[in-house]
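Engineer: The structure that follows is given in the form of structure tokens.
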Amino acid sequence: MPELIAIIEAVLLAAGEPLSLERLSGVFPEAERPEREVLRTALSELAIACAGRGVELVEVAGGFRLQVPQAFSPWVSRLWEERAAHYSRALLETLALIAYRQPITRGEIEAVRGVSLSSSIMKTLQERDWIKVVGHREVPGRPALYATTHTFLDYFNLKSLSDLPPLVAAREPEIIGAEVDLHAQANPPALSGDTRMESSS
Amino acid sequence: MPELIAIIEAVLLAAGEPLSLERLSGVFPEAERPEREVLRTALSELAIACAGRGVELVEVAGGFRLQVPQAFSPWVSRLWEERAAHYSRALLETLALIAYRQPITRGEIEAVRGVSLSSSIMKTLQERDWIKVVGHREVPGRPALYATTHTFLDYFNLKSLSDLPPLVAAREPEIIGAEVDLHAQANPPALSGDTRMESSS
Amino acid sequence: MTTVAEKSPLAKVSGEPYLQWPPDLYIPPDALEVFLEAFEGPLDLLLYLIRRHNLNILDIPIAEITRQYMDYLSLMQDLQLDLAAEYLVMAAWLAEIKSRLLLPDPTPAEAEEEDPRAELVRRLQEYERFQQAAKALDSLPRLERDLFVANVETVEGPPARIPPPVGLADLLGALRDVLARAELFGRHHVRRETLSVRERMSQVLERLDALRFTPFTALFRPEEGRMGTVVTFLAVLELLRETLLELAQAEPFAPIYLRKRL
């Protein structure tokens, strides 16, 4: 019988998605099911065994996942002709508002951004399973309240919402004006990374 | 910069499909592109490094790929366990005939049901360890005689075949109707007759 | 929606690709559409103007910024861009702020009253926070761009299946149906049988060997009592009748042996 650590590696590689401890232990027949602690120990051993290799073990919101570390992205990304999807500023701002201010209504998002929200953005976010409706605000019209999902955290390599970069305090007004002008020359503020994605997905 | 062998591992893991030597070397910028021989050597080193792990390097028609070795399939397959559709009417009738009229040949089952029996049904019943061959009838062709197993009794929570609902009831549809309804209340969607299962397995 | 690919020109003006953003406020009119669509709304446009002129937003020269804002709006109108209502609302707001700054406050006693720019500043700051948050989010390592799920094929193809549940009632229902059908054929006679005999027949067949003889008495278990003995006996008779068994006895009263027929 293969070693526990090899079984875990095989199962994680075959899964291709994060696996919770429950799902991991579910692959063992009941009689052979390792204790949670044994499983955890094996997982840390696997994580150590990955050092220097082209794979790393991470724990994200959805569980444990084997992934190719960021250091390898220059090579890996050359594997595909198409560039990885870039998301529009509108989508990222909306996503940021939902992530930091959840649960939040569409109207509240629009109030901060000062512009109405295209439904294609919300559609893309929901199709990617990054956001979901978690309830309704008890005001006229009962607008839906949105929150982020596990999938969102998994995608951004986060274990929980508290791992998000801290939301900066409102910045000193002078900074907003000054800093950005430098920026503006190289890389106009209106347009950083603005390959639109909303309508495709 | 990561080691060549780690880069190859990363690229193969991210690709999730076989990569030819050409595609593999295509992930390196031209200036750093390793010679074919260097690449081949690194690939064999990677193959060796996989020993004892949950992954193996194989060369298939499309090139090289990392895969989970067959030895791990008992665990991996449990990852994807899915509940099969309901059994077909044909399967249930066959099982009922074997249960009530055992030992019985395939031909006898066909004679009662009036249709020929697909071999996938017998295969499914045997895979589930509900029926087995207990002998052969001494007629031309020596057809196998089927009977139910302990597993069958255990599954239906019967101590012996005599605990099966009496066959005579089958002749009084009203009574059966009532009984089946009672059953149906207690444990409802046990079957919808026409979700076919035979052709899968 | 305009798709601006990473390295493609920002805009084409008379067929000439523009790879750089215009250094100043002047924008070739043909490119304006692309340019304006890049703004995420009036707050974004305002922030752009403020940055462009290196202004302290706490001290926005409302008159100047309003003038510029209105310039953009009229450009948009000239180009017959669909001017979103939000831009017009912002224009009206700017005009209102400007007018309140111009008018002397008739009631100095209520000097506590907020600077008319305060709300605008607050909203600009708040929006700017989330612009930063969006950038931070975008710079997180993420799947498909920086990280890749390690995923390999498994040699074994199909997933294990959990077989479907079957209830006893299903079995009985199936049997009823098939027997009803058999009745229609009329060729088959359904006998009322003692199940336990049938079961015992299977058990006997299993116990017996085709090569070696088994003593007849070995089939009986005293602990089963009289009924058990009778059932086993009936099963053996039935099996003999169906010529599934072979019976051997060397002489009268000698032990009887049974074996499966080959």
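So you can find residues: chains in the structure tokens are A, B, ... in the order shown, residues in each start at 1, and ligands are numbered from 1 in order.
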Counting only C-alpha atoms, which residues in chain B sit no more than 12 Å from chain A? For each one, give the nearest pair of atoms and the distance in Å, sorted by chain then residue number, as a Markdown table.
Structural biologist:
```
| residue | atom | partner | partner_atom | distance |
| --- | --- | --- | --- | --- |
| B:Met1 | CA | A:Ala71 | CA | 8.4 |
| B:Pro2 | CA | A:Gly52 | CA | 7.6 |
| B:Glu3 | CA | A:Gly52 | CA | 7.9 |
| B:Leu4 | CA | A:Gly54 | CA | 9.6 |
| B:Ile5 | CA | A:Arg53 | CA | 7.9 |
| B:Ala6 | CA | A:Gly54 | CA | 4.4 |
| B:Ile7 | CA | A:Gly54 | CA | 5.9 |
| B:Ile8 | CA | A:Gly54 | CA | 7.5 |
| B:Glu9 | CA | A:Gly54 | CA | 5.2 |
| B:Ala10 | CA | A:Gly54 | CA | 4.1 |
| B:Val11 | CA | A:Val76 | CA | 5.2 |
| B:Leu12 | CA | A:Val76 | CA | 8.7 |
| B:Leu13 | CA | A:Val68 | CA | 7.2 |
| B:Ala14 | CA | A:Val68 | CA | 6.6 |
| B:Ala15 | CA | A:Leu79 | CA | 7.6 |
| B:Gly16 | CA | A:Gly16 | CA | 9.4 |
| B:Glu17 | CA | A:Leu79 | CA | 11.3 |
| B:Pro18 | CA | A:Leu79 | CA | 11.9 |
| B:Leu19 | CA | A:Leu79 | CA | 9.5 |
| B:Ser20 | CA | A:Leu79 | CA | 11.4 |
| B:Glu22 | CA | A:Leu79 | CA | 10.9 |
| B:Arg23 | CA | A:Leu79 | CA | 7.3 |
| B:Leu24 | CA | A:Leu79 | CA | 8.0 |
| B:Ser25 | CA | A:Leu79 | CA | 9.7 |
| B:Gly26 | CA | A:Leu79 | CA | 7.3 |
| B:Val27 | CA | A:Arg78 | CA | 5.0 |
| B:Phe28 | CA | A:Trp75 | CA | 6.2 |
| B:Pro29 | CA | A:Trp75 | CA | 8.4 |
| B:Glu30 | CA | A:Arg78 | CA | 11.7 |
| B:Glu32 | CA | A:Trp75 | CA | 11.1 |
| B:Arg33 | CA | A:Trp75 | CA | 11.1 |
| B:Leu46 | CA | A:Arg53 | CA | 10.0 |
| B:Ala49 | CA | A:Arg53 | CA | 10.1 |
| B:Cys50 | CA | A:Ala6 | CA | 10.1 |
| B:Ala51 | CA | A:Ala6 | CA | 9.9 |
| B:Gly52 | CA | A:Ala6 | CA | 6.9 |
| B:Arg53 | CA | A:Ala6 | CA | 4.8 |
| B:Gly54 | CA | A:Ala10 | CA | 4.1 |
| B:Val55 | CA | A:Ala10 | CA | 6.0 |
| B:Glu56 | CA | A:Ala10 | CA | 9.6 |
| B:Leu66 | CA | A:Leu13 | CA | 9.7 |
| B:Gln67 | CA | A:Ala14 | CA | 8.2 |
| B:Val68 | CA | A:Ala10 | CA | 5.7 |
| B:Pro69 | CA | A:Ala10 | CA | 8.0 |
| B:Gln70 | CA | A:Ala10 | CA | 10.0 |
| B:Ala71 | CA | A:Pro2 | CA | 7.8 |
| B:Phe72 | CA | A:Ile7 | CA | 6.5 |
| B:Ser73 | CA | A:Val11 | CA | 8.9 |
| B:Pro74 | CA | A:Val27 | CA | 8.2 |
| B:Trp75 | CA | A:Val27 | CA | 5.0 |
| B:Val76 | CA | A:Val11 | CA | 5.3 |
| B:Ser77 | CA | A:Val27 | CA | 7.9 |
| B:Arg78 | CA | A:Val27 | CA | 5.1 |
| B:Leu79 | CA | A:Val27 | CA | 5.6 |
| B:Trp80 | CA | A:Ala15 | CA | 8.5 |
| B:Glu81 | CA | A:Val27 | CA | 9.3 |
```
Engineer: Write a file of the selected residues as a short mmCIF file (atom, residue, chain, number, x, y, z; two decimals), in the first residue's frame, keeping C-alpha atoms.
Structural biologist:
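Result written to part_20.cif:
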```cif
data_model
loop_
_atom_site.label_atom_id
_atom_site.label_comp_id
_atom_site.auth_asym_id
_atom_site.auth_seq_id
_atom_site.Cartn_x
_atom_site.Cartn_y
_atom_site.Cartn_z
CA MET B 1 15.87 30.88 -11.02
CA PRO B 2 14.21 27.54 -10.33
CA GLU B 3 15.88 24.35 -11.44
CA LEU B 4 15.12 23.03 -14.90
CA ILE B 5 13.52 19.89 -13.50
CA ALA B 6 11.23 21.97 -11.28
CA ILE B 7 10.23 24.17 -14.22
CA ILE B 8 9.36 21.10 -16.26
CA GLU B 9 7.35 19.70 -13.39
CA ALA B 10 5.51 23.00 -12.95
CA VAL B 11 4.71 23.29 -16.63
CA LEU B 12 3.48 19.71 -16.89
CA LEU B 13 1.35 20.08 -13.77
CA ALA B 14 -0.19 23.29 -15.01
CA ALA B 15 -0.77 21.93 -18.51
CA GLY B 16 -2.81 18.94 -17.38
CA GLU B 17 -2.29 17.41 -20.82
CA PRO B 18 0.62 15.73 -22.59
CA LEU B 19 3.27 18.15 -23.82
CA SER B 20 5.54 17.39 -26.72
CA GLU B 22 8.57 21.13 -28.79
CA ARG B 23 5.90 22.62 -26.58
CA LEU B 24 8.02 22.02 -23.52
CA SER B 25 10.98 23.83 -24.96
CA GLY B 26 8.64 26.57 -26.18
CA VAL B 27 8.07 27.74 -22.61
CA PHE B 28 11.67 28.93 -22.39
CA PRO B 29 12.65 32.27 -23.90
CA GLU B 30 14.82 31.62 -26.91
CA GLU B 32 17.51 30.25 -22.38
CA ARG B 33 16.07 27.38 -24.37
CA LEU B 46 11.96 14.03 -13.04
CA ALA B 49 12.26 11.84 -8.66
CA CYS B 50 8.61 10.78 -8.83
CA ALA B 51 9.32 7.34 -7.41
CA GLY B 52 7.21 6.71 -4.34
CA ARG B 53 5.14 9.80 -4.92
CA GLY B 54 1.53 10.17 -5.94
CA VAL B 55 2.46 11.10 -9.47
CA GLU B 56 4.41 9.54 -12.32
CA LEU B 66 2.32 13.63 -15.31
CA GLN B 67 -0.41 11.35 -14.13
CA VAL B 68 -1.63 9.64 -11.01
CA PRO B 69 -0.38 6.05 -11.08
CA GLN B 70 -2.95 3.32 -11.28
CA ALA B 71 -2.01 2.08 -7.82
CA PHE B 72 -3.81 5.10 -6.39
CA SER B 73 -7.07 4.60 -8.18
CA PRO B 74 -8.85 3.05 -5.18
CA TRP B 75 -8.49 6.34 -3.34
CA VAL B 76 -8.84 8.67 -6.28
CA SER B 77 -11.97 7.03 -7.58
CA ARG B 78 -13.63 7.48 -4.23
CA LEU B 79 -13.12 11.19 -4.72
CA TRP B 80 -15.53 11.27 -7.59
CA GLU B 81 -18.07 8.87 -6.26
#
```
Engineer: How close is chain A to chain B in C-alpha RMSD after a least-squares fit, all Cα atoms in order?
Structural biologist: 15.7 Å
Engineer: What residues in chain C have any atom no more than 8 Å from chain A when counting only C-alpha atoms, and can you write them as a VMD selection string?
Structural biologist: chain C and resid 1 to 6 21 23 38 to 45 47 to 48 50 to 58 86 123 125 to 138 140 to 154
Engineer: Quick one: pull the distance between atom CA of Ser160 of chain A and atom CA of Glu59 of chain A, Å, one decimal.
Structural biologist: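 Value for the atom CA of Ser160 of chain A-atom CA of Glu59 of chain A distance: 10.0 Å.
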Engineer: For Tyr257 of chain C, which residue among C:Glu223, C:Glu242, C:Asp209, C:Glu199 is the nearest when counting only C-alpha atoms?
Structural biologist: C:Asp209
Engineer: Name the residues of segment 27-184 of chain B that fall into strand (DSSP E or B) according to DSSP on the backbone, using the chain letters and numbers of this document, as a list of chain:residue names.
Structural biologist: B:Glu56, B:Leu57, B:Val58, B:Glu59, B:Val60, B:Gly63, B:Phe64, B:Arg65, B:Leu66, B:Gln67, B:Val68, B:Glu82, B:Arg83, B:Ile104, B:Thr105, B:Ile131, B:Lys132, B:Val133, B:Val134, B:Gly135, B:His136, B:Ala144, B:Leu145, B:Tyr146, B:Ala147, B:Thr148
Engineer: Restrict the selected residues to N, CA and C atoms and save them as a compact mmCIF listing (two decimals), in the first residue's frame.
Structural biologist:
```txt
# COMPACT_ATOMS: atom_id res chain seq x y z
N GLU B 56 3.36 10.17 -11.52
CA GLU B 56 4.41 9.54 -12.32
C GLU B 56 4.48 10.24 -13.67
N LEU B 57 5.65 10.20 -14.26
CA LEU B 57 5.83 10.81 -15.57
C LEU B 57 5.78 9.71 -16.61
N VAL B 58 4.94 9.88 -17.59
CA VAL B 58 4.86 8.88 -18.66
C VAL B 58 4.97 9.58 -20.00
N GLU B 59 5.43 8.83 -20.99
CA GLU B 59 5.43 9.36 -22.34
C GLU B 59 4.30 8.69 -23.08
N VAL B 60 3.39 9.49 -23.57
CA VAL B 60 2.26 8.96 -24.32
C VAL B 60 2.36 9.52 -25.74
N GLY B 63 3.02 13.16 -26.11
CA GLY B 63 4.21 13.72 -25.48
C GLY B 63 4.35 13.22 -24.06
N PHE B 64 4.81 14.10 -23.18
CA PHE B 64 5.03 13.71 -21.80
C PHE B 64 3.90 14.24 -20.94
N ARG B 65 3.53 13.43 -19.98
CA ARG B 65 2.54 13.95 -19.05
C ARG B 65 2.74 13.35 -17.66
N LEU B 66 2.33 14.13 -16.68
CA LEU B 66 2.32 13.63 -15.31
C LEU B 66 0.93 13.07 -15.05
N GLN B 67 0.89 11.95 -14.43
CA GLN B 67 -0.41 11.35 -14.13
C GLN B 67 -0.36 10.64 -12.79
N VAL B 68 -1.54 10.39 -12.26
CA VAL B 68 -1.63 9.64 -11.01
C VAL B 68 -1.51 8.16 -11.35
N GLU B 82 -20.11 9.06 -7.37
CA GLU B 82 -21.36 9.72 -7.66
C GLU B 82 -22.47 8.69 -7.58
N ARG B 83 -23.59 9.17 -7.21
CA ARG B 83 -24.71 8.27 -7.08
C ARG B 83 -25.26 7.99 -8.48
N ILE B 104 -32.29 -20.11 -11.03
CA ILE B 104 -33.01 -19.86 -12.27
C ILE B 104 -31.99 -19.53 -13.37
N THR B 105 -32.28 -19.96 -14.56
CA THR B 105 -31.36 -19.64 -15.66
C THR B 105 -31.80 -18.36 -16.35
N ILE B 131 -26.20 -11.32 -6.93
CA ILE B 131 -26.50 -12.64 -7.48
C ILE B 131 -25.19 -13.36 -7.78
N LYS B 132 -25.29 -14.67 -7.87
CA LYS B 132 -24.10 -15.44 -8.21
C LYS B 132 -24.56 -16.70 -8.94
N VAL B 133 -23.61 -17.31 -9.59
CA VAL B 133 -23.88 -18.57 -10.27
C VAL B 133 -23.71 -19.69 -9.25
N VAL B 134 -24.74 -20.50 -9.09
CA VAL B 134 -24.63 -21.59 -8.11
C VAL B 134 -24.55 -22.95 -8.77
N GLY B 135 -24.66 -23.04 -10.07
CA GLY B 135 -24.59 -24.33 -10.73
C GLY B 135 -25.00 -24.17 -12.18
N HIS B 136 -25.22 -25.28 -12.82
CA HIS B 136 -25.63 -25.25 -14.22
C HIS B 136 -26.76 -26.23 -14.42
N ALA B 144 -26.14 -21.36 -16.89
CA ALA B 144 -25.83 -21.08 -15.49
C ALA B 144 -27.10 -20.87 -14.70
N LEU B 145 -27.07 -21.34 -13.47
CA LEU B 145 -28.20 -21.13 -12.57
C LEU B 145 -27.83 -20.00 -11.61
N TYR B 146 -28.70 -19.02 -11.54
CA TYR B 146 -28.41 -17.87 -10.68
C TYR B 146 -29.20 -17.95 -9.39
N ALA B 147 -28.58 -17.44 -8.34
CA ALA B 147 -29.27 -17.34 -7.05
C ALA B 147 -28.84 -16.04 -6.39
N THR B 148 -29.57 -15.65 -5.38
CA THR B 148 -29.17 -14.42 -4.68
C THR B 148 -28.13 -14.76 -3.62
```
